[in-house]
Structure formats: structure tokens, C-alpha cells
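Notes for the one structure printed next.
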Amino acid sequence: MTDTSNNTSHQNKMVVTRFAPSPTGLLHAGNYRTAVFSYLYARQHGGKFILRIEDTDKERSKKEYEENIMDSLNWLGLKHDEFYRQSERSELHREYLEKLIASGKAFISKETPKEPGGRTEVIRLKNPNKKVKFTDLIRGDIEVDTTDLGDFVIAKSITEPIFHFAVVVDDYTMGVTHIVRGEDHISNTPRQILIYEAIGAQYPEYAHLPLVLDAKRAKLSKRRGALAITEYRAKGFLPAALINYMSLMGWNPGTEQEIFSTNELVKAFDLSKVQKGGAIFDEKKLRWINKEHVRRIPEALFISTCTERIAQTAHAHDRSWTHIDSVIRKAKEIFHERMDTFGDLDEMVKNNELDYLFEPPQVSTDLLKWKNQTDLTIVASNLTKARECVATLPESSTKDEIKNIIMPLAEKIGRGEILWPLRVSLTGLEKSPDPFTVIEVLGTSESLKRIDSALLSLK
RNA sequence: GGCCCUAUCGUCUAAUGGUUAGGACGGAAGCUUUUCAAGCUUUAAAUCGGGGUUCGAUUCCCCGUAGGGUCACCA
């Protein structure tokens, strides 16, 4: 383990990290990944995780976005230990600003407005014009000459600090020890370090994360189609799966484990194993991870979540299904096999893939014919034979018991000749689970009824 | 354009001087008791280029190239 810290005095202090979004848009993968890493790092070190809403831009900040951020973080389970709104700290910002001006480290600068009605004065930092060097926990040493920054603006007026100044004062006064943020902030770091030095503060550790990219390798943003976390929630993703997936973008455990609960991540996470290059957001892999998480949730939760979702979608699509929960309990394997997210259930309802579980299907005689079979009397005779097998079964039989009864017949007559019409008579579908599973779920008597009704249509 | 960052299969990544360059997602094929799904097995697929350093470079250095970020009285 190499110690790359800038400031050895931080070593014995409690770790304090923060997530500091501005409420100017919905929270999406492009920005909440830094929240995940900050959170994991703080929890892992028994430290504090602060949420700070950076709402100093009154033009663009919106309450609804702040609510979206809170909602999203809350849903993800990234609980903060302290909460601040930057706009509520203006007294403090003013205090530091005045101190800086009094000490000559900053000054009020007369400006000629670029646009009519623009400001005639702003507050600028007196740039010492030096090289700033810091050690990034992920990238190592970074050195930048700050001369070309000039005497940059730190406040629009004594009561209106801009980003760089407010951030530094807040991070310093909140005791933030580790700033974990996106790579897009690397170029902001030198000027923020200059501000730290101007107020006589020691600057914290920095860890600049690689960016989350879209398919074209550009920074993910809502303009470029990033979905909000709340949209993933609506699509039926699990919060733990989202966190799991995000953690794997730019980090790996050094083992081949890919599925992690959030608690496991807290233990396994390691900032020094974070990647330097950006990572493209891949929803396919997210879906796979989600599926793995869905497999692992408690059965009762799985059933209730499916039930609620299906009830809602069924209602919206004019299905009057009853006893949804007991059907799902019986058919839970079918659901596990066929879904990555709970939102997939919506599609199943819309595509009529689930109707047979709740009501007898409309069976087309044509569909009952296996492959090249054209003789309906043979179809009927095969189906009758299959019916005789089913009729010997107790009402509740397992898939294996059903299989054991039917397979000998299917082997004798031809698998497709027996199994295909049997399955179609039960589901009415071209594609569906196998007949054994369906009979197990429907029960013997309901299955016989459906076979009889298919048989009737063949006459 | 200036400054900064980055570079292993299509994608996420492992391997920090010595491996047949490994895994996962996705793809393909096959198997699995008919279809679909799932599962299993197999398979294709990568070190950006050029120079060094070295007995030996994915790995270290330099130069290119490419991509990205950032250059506000936004955050």
C-alpha cells in the first residue's frame, strides 16, 4: 500500500466525503456514480457522507430537481449523515469573502459590462501565478501552471459567491477530507487549491473518477439521452443492482465476483483499484446484473413486487385477473426465467404472454398442428392420448411427476406430435413455457378442461 | 486552439517486466425431453502506431495518433 496523501495530518482524522450536486437537472448515471463512490469510501472508513445541494445559481436551480436528487438517493439507499443547502450558507461565504478582501488576497474589480446591463464590478482572487501540484488518489501527481487563469472571479458580488469559492469554503468548514468527484473537475482543482491557500486552509485529498460515457464516448448527460435514476426505478430496476453496476464502472474487486450487495461493496471497495479511463454505460449488462439481484431477493418480496406491478398493468390493459399473487407464487420460476427487470412484466402483459395463467386461452386449430402435420384427426387422436395421461395425475402434481407420465407417450408417438398440441391447448400460444410446467401451475383439472375444449374445436 | 486526462476483445475489465493475454455482458454454435425463455458446453473477439530501455514489454520512457474533459459574472 502506498500512501499518496497530500496532507499527512488527514491520516488520523475521520474520513468525510460529500456529494454536491446542483439542482439543475435530474440525477442520472453521469453524476450519481460519484455519489456511489463517495458513499462507499466514507462507509468503508467509518466516516461521514455529506449531501450538499449547490443551489447558488438562482436562475437554473429548481426545487423539483432538488426533490428528484433526494428521492433518487433515498431510493438507492445512499443515506447521508449531514445535509446542507449552499444557498443557506451565504453568511459564511460573505464572511470569508470579506476576510479575503481585507487581507488583500482578493479584490473588487471594476469591469466594463460585456452586455448592456451587466455588472460593473466583481470580486477576483489575486492570483499568485504559481505552479500548483497535487496528488490525485487515482491519477497520481498533477501539476498545472495557474498563471493563465489570471485573477479569476470568485464572486459576482459580496453576497453572490460563485461555485469555486462556495465549494472551497463549504468543504473546508464542513471538514471534508476526501473530495471524490468526476474527472471533469480536474481542471477546476488548481484554482480551488489557490482559494484554499488564500483562506489559509489546508486542501483535502482529491480522487478524480473517470467519466461515465455514452455510446459515442462523450460524457453522459441528459442532453445525450441519460435516463434519470427515477426512470430506472419506474422501469423496475432494483436499487442495489444500480449501485452494483455503477460500482463496476471504473472499479473492480480484483476477484471474479461481479454480483455484490451494497454492504459487500462497502467492504470490498478500494479507491486505489479505480480505473483511469472512462467507461461506457451499457444497459445490457445492467439488465443482467439486475436479473441476478432479482434472483436473490426474498421470495415474499419478489411475489409482492410482481403482483403489484402486474395488477397495475393488467388493470390498465383491461384484464380482470384475480388471485394474481397466488398465480405468481405457483409460477414464480416462469417469471424468474423470463424477466430481467420488473418492468419486463409490463411487456409480458401487453404482449398477451400471461393471459393463459389467468383464463382459458382462445386456441386456434391451426396452431395445434405440429410442423407438417395436416391431418386434424391425428392431432385430435394424439391430444386425446395426452389427455389420458394427464387424467391419471392427482390435482397437484410436480413438473417432474407430470413429465414422467407424459414422456413415455411422447417418446413413442413423437415428441412434437404429443407435446406441441398439448402445450398449445393449454396456453394458446406459439411460444410459452413447456407443458409440464404449465400443467403444474394450472393444476390437473383446469388443464383437462382446456384440453377438452381444444379437442372440441378439432371436431 | 491552450491546458489537462486517458488508451487491453463490440462493452465492463484482469494480468503493474516473463501467462497459450484471463473473466463477465453481448454475439455465434451445440446440448439440454416440442416452441420460447432459462441453464449447460463450446466458440469467435483485444494489448492504437512508431521508437527506445531490457535477455524479455500490455506493463517503464519518448514521440505520434485517437478519444475525452475543461477553458463563464454555471455548477
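In the C-alpha cells, chains take the letters A, B, ... in the order shown, each chain's residues start at 1, and ligands count up from 1 in the order shown.
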
Determine, using only C-alpha atoms (C1' of nucleotides), which residues of chain A have any atom at most 6 Å from an atom of chain B, and tabulate each with its shortest atom pair and distance in Å to one decimal place, rows ordered by chain and then rising number, as a Markdown table.
| residue | atom | partner | partner_atom | distance |
| --- | --- | --- | --- | --- |
| A:Ser22 | CA | B:A75 | C1' | 5.9 |
| A:Lys156 | CA | B:C73 | C1' | 5.2 |
| A:Asp184 | CA | B:G69 | C1' | 5.2 |
| A:Ser187 | CA | B:U70 | C1' | 5.9 |
| A:Gly277 | CA | B:U6 | C1' | 5.1 |
| A:Lys285 | CA | B:C25 | C1' | 4.9 |
| A:Glu337 | CA | B:A38 | C1' | 5.0 |
| A:Arg338 | CA | B:A37 | C1' | 5.6 |
| A:Arg415 | CA | B:U34 | C1' | 5.8 |
| A:Gly416 | CA | B:U34 | C1' | 4.2 |
| A:Leu419 | CA | B:U34 | C1' | 5.4 |
| A:Trp420 | CA | B:U34 | C1' | 5.2 |
| A:Lys431 | CA | B:C36 | C1' | 4.5 |
| A:Ser432 | CA | B:C36 | C1' | 5.4 |

- Item | Near-region 101-106 of chain A list (8 Å; only C-alpha atoms (C1' of nucleotides); drop same-chain fewer than 4 positions) as a list of chain:residue names |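 Close residues of region 101-106 of chain A: A:Leu97, A:Ile123, A:Arg124, A:Leu125, A:Lys126, A:Ala198.
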
- Message: Please list as a ChimeraX atom specification every residue within 7 Å of region 267-275 of chain A, counting only C-alpha atoms (C1' of nucleotides) and excluding residues in the same chain fewer than 3 positions away.
- Response: /A:40,44,137-138,210,250-253,263-264

- Task: Record the distance separating CA of Ile243 (chain A) and CA of Asp282 (chain A), expressed in Å with one decimal.
- Result: 13.8 Å

- Message: So that I can check the surroundings of Pro360 (chain A), please list as a VMD selection string every protein, DNA and RNA residue that reaches within 12 Å of it, counting only C-alpha atoms (C1' of nucleotides) and ignoring chain neighbours fewer than 2 positions away.
- Response: chain A and resid 321 354 to 358 362 to 363 424 to 429 442 446 to 454

Just-selected residues, N, CA and C atoms written as an mmCIF file, in the first residue's frame:
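File written: out_33.cif
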data_model
loop_
_atom_site.group_PDB
_atom_site.id
_atom_site.type_symbol
_atom_site.label_atom_id
_atom_site.label_comp_id
_atom_site.auth_asym_id
_atom_site.auth_seq_id
_atom_site.Cartn_x
_atom_site.Cartn_y
_atom_site.Cartn_z
ATOM 1 N N TRP A 321 -58.012 -9.852 -14.002
ATOM 2 C CA TRP A 321 -57.450 -11.050 -13.402
ATOM 3 C C TRP A 321 -57.606 -11.017 -11.877
ATOM 4 N N LEU A 354 -49.227 -13.563 -20.726
ATOM 5 C CA LEU A 354 -49.572 -14.026 -19.387
ATOM 6 C C LEU A 354 -51.020 -14.481 -19.242
ATOM 7 N N ASP A 355 -51.816 -14.164 -20.261
ATOM 8 C CA ASP A 355 -53.250 -14.426 -20.142
ATOM 9 C C ASP A 355 -53.577 -15.870 -19.764
ATOM 10 N N TYR A 356 -52.849 -16.816 -20.356
ATOM 11 C CA TYR A 356 -53.164 -18.225 -20.108
ATOM 12 C C TYR A 356 -53.041 -18.620 -18.639
ATOM 13 N N LEU A 357 -52.279 -17.838 -17.886
ATOM 14 C CA LEU A 357 -52.141 -18.152 -16.463
ATOM 15 C C LEU A 357 -53.404 -17.821 -15.685
ATOM 16 N N PHE A 358 -54.229 -16.942 -16.269
ATOM 17 C CA PHE A 358 -55.378 -16.447 -15.519
ATOM 18 C C PHE A 358 -56.723 -16.862 -16.096
ATOM 19 N N GLN A 362 -57.928 -18.718 -26.046
ATOM 20 C CA GLN A 362 -58.563 -18.974 -27.331
ATOM 21 C C GLN A 362 -57.541 -19.780 -28.128
ATOM 22 N N VAL A 363 -57.895 -20.981 -28.522
ATOM 23 C CA VAL A 363 -56.921 -21.803 -29.221
ATOM 24 C C VAL A 363 -57.276 -21.900 -30.695
ATOM 25 N N VAL A 424 -50.053 -26.146 -26.717
ATOM 26 C CA VAL A 424 -50.881 -25.120 -27.358
ATOM 27 C C VAL A 424 -52.301 -25.135 -26.781
ATOM 28 N N SER A 425 -52.801 -26.318 -26.503
ATOM 29 C CA SER A 425 -54.165 -26.383 -25.953
ATOM 30 C C SER A 425 -54.223 -25.730 -24.578
ATOM 31 N N LEU A 426 -53.120 -25.737 -23.879
ATOM 32 C CA LEU A 426 -53.087 -25.149 -22.535
ATOM 33 C C LEU A 426 -52.857 -23.650 -22.544
ATOM 34 N N THR A 427 -52.035 -23.179 -23.492
ATOM 35 C CA THR A 427 -51.658 -21.763 -23.477
ATOM 36 C C THR A 427 -52.215 -20.970 -24.651
ATOM 37 N N GLY A 428 -52.517 -21.652 -25.746
ATOM 38 C CA GLY A 428 -52.989 -20.949 -26.937
ATOM 39 C C GLY A 428 -51.887 -20.167 -27.616
ATOM 40 N N LEU A 429 -50.654 -20.369 -27.167
ATOM 41 C CA LEU A 429 -49.552 -19.544 -27.669
ATOM 42 C C LEU A 429 -48.560 -20.336 -28.503
ATOM 43 N N LEU A 442 -51.201 -24.743 -13.562
ATOM 44 C CA LEU A 442 -52.661 -24.665 -13.718
ATOM 45 C C LEU A 442 -53.412 -25.662 -12.837
ATOM 46 N N GLU A 446 -57.966 -28.044 -14.305
ATOM 47 C CA GLU A 446 -58.023 -26.933 -15.246
ATOM 48 C C GLU A 446 -57.345 -27.312 -16.570
ATOM 49 N N SER A 447 -56.269 -28.065 -16.473
ATOM 50 C CA SER A 447 -55.573 -28.493 -17.684
ATOM 51 C C SER A 447 -56.476 -29.393 -18.522
ATOM 52 N N LEU A 448 -57.157 -30.315 -17.863
ATOM 53 C CA LEU A 448 -58.057 -31.218 -18.592
ATOM 54 C C LEU A 448 -59.170 -30.439 -19.281
ATOM 55 N N LYS A 449 -59.695 -29.453 -18.581
ATOM 56 C CA LYS A 449 -60.742 -28.621 -19.180
ATOM 57 C C LYS A 449 -60.267 -27.979 -20.473
ATOM 58 N N ARG A 450 -59.034 -27.477 -20.422
ATOM 59 C CA ARG A 450 -58.500 -26.787 -21.600
ATOM 60 C C ARG A 450 -58.240 -27.766 -22.749
ATOM 61 N N ILE A 451 -57.776 -28.951 -22.380
ATOM 62 C CA ILE A 451 -57.534 -29.947 -23.421
ATOM 63 C C ILE A 451 -58.866 -30.340 -24.071
ATOM 64 N N ASP A 452 -59.874 -30.520 -23.233
ATOM 65 C CA ASP A 452 -61.189 -30.888 -23.756
ATOM 66 C C ASP A 452 -61.723 -29.827 -24.705
ATOM 67 N N SER A 453 -61.527 -28.610 -24.323
ATOM 68 C CA SER A 453 -62.052 -27.535 -25.159
ATOM 69 C C SER A 453 -61.305 -27.467 -26.498
ATOM 70 N N ALA A 454 -60.032 -27.762 -26.461
ATOM 71 C CA ALA A 454 -59.265 -27.813 -27.712
ATOM 72 C C ALA A 454 -59.730 -28.979 -28.571
#

- Write down as a PyMOL selection string the residues belonging to region 169-296 of chain A that are assigned strand (DSSP E) by DSSP computed on the backbone. chain A and resi 178-182+205-209+212-213+279-280

- Query: Contacts of Val122 (chain A) at 8 Å or less, counting only C-alpha atoms (C1' of nucleotides), minus same-chain residues fewer than 6 places along, as a ChimeraX atom specification?
  - Reply: /A:108-111,153,155-157 /B:73

- Message: If you run DSSP on the backbone here, which positions in region 166-396 of chain A get helix (DSSP H, G or I)? Please write them as a ChimeraX atom specification.
- Response: /A:166-173,183-198,222-224,229-234,239-247,262-268,271-273,283-296,299-316,324-330,332-338,344-350,355-358,365-368,376-391

- In Å, with one decimal, what is the gap from CA of Gly236 (chain A) to CA of Thr341 (chain A)?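 That distance, rounded to one decimal, is 5.3 Å.
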
- Find the distance between CA of Leu92 (chain A) and CA of Glu54 (chain A) and write it in Å to one decimal.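 Going from CA of Leu92 (chain A) over to CA of Glu54 (chain A) covers 14.5 Å.
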
- Message: Please list as number ranges by chain every residue within 10 Å of region 164-167 of chain A, counting only C-alpha atoms (C1' of nucleotides) and excluding residues in the same chain fewer than 3 positions away.
- Response: A: 20, 52, 54, 56, 86-87, 89-90, 92-94, 96-97, 125, 153-155, 160-161, 170-173, 188-189, 191-193, 195-196; B: 75

N, CA and C atoms (P, O5', C5', C4', C3', O3' and C1' of nucleotides) of the current selection, written as a CSV table (one decimal), in the first residue's frame:
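Output saved as part-v1.csv:
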chain,number,residue,atom,x,y,z
A,20,ALA,N,-22.1,16.7,-4.0
A,20,ALA,CA,-22.5,18.0,-4.0
A,20,ALA,C,-23.1,18.4,-5.4
A,52,ARG,N,-24.8,17.9,-0.1
A,52,ARG,CA,-24.9,19.3,-0.1
A,52,ARG,C,-25.4,19.7,-1.5
A,54,GLU,N,-26.0,22.3,-4.2
A,54,GLU,CA,-25.3,23.5,-4.6
A,54,GLU,C,-26.2,24.4,-5.5
A,56,THR,N,-26.5,27.7,-5.7
A,56,THR,CA,-26.2,29.2,-5.7
A,56,THR,C,-26.6,29.8,-7.0
A,86,GLN,N,-26.4,25.0,-0.1
A,86,GLN,CA,-25.4,26.0,-0.2
A,86,GLN,C,-25.9,27.4,-0.1
A,87,SER,N,-27.2,27.6,-0.6
A,87,SER,CA,-27.8,28.9,-0.6
A,87,SER,C,-28.0,29.4,0.9
A,89,ARG,N,-26.0,29.2,3.3
A,89,ARG,CA,-24.7,29.4,4.0
A,89,ARG,C,-24.1,30.7,3.5
A,90,SER,N,-24.9,31.6,3.0
A,90,SER,CA,-24.3,32.8,2.3
A,90,SER,C,-23.6,33.7,3.4
A,92,LEU,N,-21.7,32.8,5.8
A,92,LEU,CA,-20.4,32.2,5.9
A,92,LEU,C,-19.5,32.6,4.7
A,93,HIS,N,-20.1,32.4,3.6
A,93,HIS,CA,-19.4,32.8,2.3
A,93,HIS,C,-19.0,34.2,2.4
A,94,ARG,N,-19.9,35.1,2.8
A,94,ARG,CA,-19.6,36.5,2.8
A,94,ARG,C,-18.5,36.8,3.8
A,96,TYR,N,-16.0,34.9,4.7
A,96,TYR,CA,-14.7,34.6,4.1
A,96,TYR,C,-14.3,35.5,3.0
A,97,LEU,N,-15.3,35.9,2.3
A,97,LEU,CA,-15.0,36.8,1.2
A,97,LEU,C,-14.5,38.2,1.7
A,125,LEU,N,-9.9,36.9,-7.3
A,125,LEU,CA,-8.8,36.4,-6.4
A,125,LEU,C,-7.5,37.0,-7.0
A,153,VAL,N,-12.5,35.3,-11.3
A,153,VAL,CA,-13.6,35.8,-10.5
A,153,VAL,C,-14.0,34.7,-9.4
A,154,ILE,N,-14.2,35.1,-8.2
A,154,ILE,CA,-14.7,34.2,-7.2
A,154,ILE,C,-16.1,34.6,-6.6
A,155,ALA,N,-16.5,35.8,-7.0
A,155,ALA,CA,-17.9,36.2,-6.6
A,155,ALA,C,-18.4,37.3,-7.5
A,160,GLU,N,-22.8,37.2,-3.5
A,160,GLU,CA,-23.0,36.2,-4.5
A,160,GLU,C,-21.7,35.5,-4.9
A,161,PRO,N,-21.3,34.6,-4.1
A,161,PRO,CA,-20.1,33.8,-4.4
A,161,PRO,C,-20.3,32.9,-5.6
A,170,ASP,N,-17.2,25.8,1.8
A,170,ASP,CA,-18.1,24.7,2.4
A,170,ASP,C,-17.3,23.5,2.7
A,171,ASP,N,-16.5,23.0,1.8
A,171,ASP,CA,-15.8,21.8,2.0
A,171,ASP,C,-14.8,22.0,3.2
A,172,TYR,N,-14.2,23.1,3.3
A,172,TYR,CA,-13.3,23.4,4.4
A,172,TYR,C,-14.1,23.4,5.7
A,173,THR,N,-15.1,24.2,5.8
A,173,THR,CA,-15.8,24.4,7.0
A,173,THR,C,-16.6,23.1,7.4
A,188,ASN,N,-10.6,22.2,-12.5
A,188,ASN,CA,-11.0,23.2,-11.5
A,188,ASN,C,-10.2,23.1,-10.2
A,189,THR,N,-9.5,22.0,-10.1
A,189,THR,CA,-8.8,21.8,-8.8
A,189,THR,C,-7.7,22.8,-8.5
A,191,ARG,N,-7.4,25.9,-9.3
A,191,ARG,CA,-7.9,27.2,-8.8
A,191,ARG,C,-8.6,27.1,-7.4
A,192,GLN,N,-9.1,25.9,-7.2
A,192,GLN,CA,-9.7,25.7,-5.8
A,192,GLN,C,-8.6,25.6,-4.8
A,193,ILE,N,-7.5,25.0,-5.2
A,193,ILE,CA,-6.4,24.9,-4.2
A,193,ILE,C,-5.9,26.3,-3.9
A,195,ILE,N,-7.6,28.9,-3.8
A,195,ILE,CA,-8.6,29.5,-2.8
A,195,ILE,C,-8.3,29.0,-1.4
A,196,TYR,N,-8.1,27.7,-1.4
A,196,TYR,CA,-7.8,27.1,0.0
A,196,TYR,C,-6.6,27.8,0.6
B,75,A,P,-22.3,29.2,-10.0
B,75,A,O5',-22.5,27.6,-9.8
B,75,A,C5',-23.7,27.0,-9.5
B,75,A,C4',-23.6,25.6,-9.7
B,75,A,C3',-22.6,24.9,-8.8
B,75,A,O3',-23.1,24.5,-7.6
B,75,A,C1',-22.3,24.2,-11.1
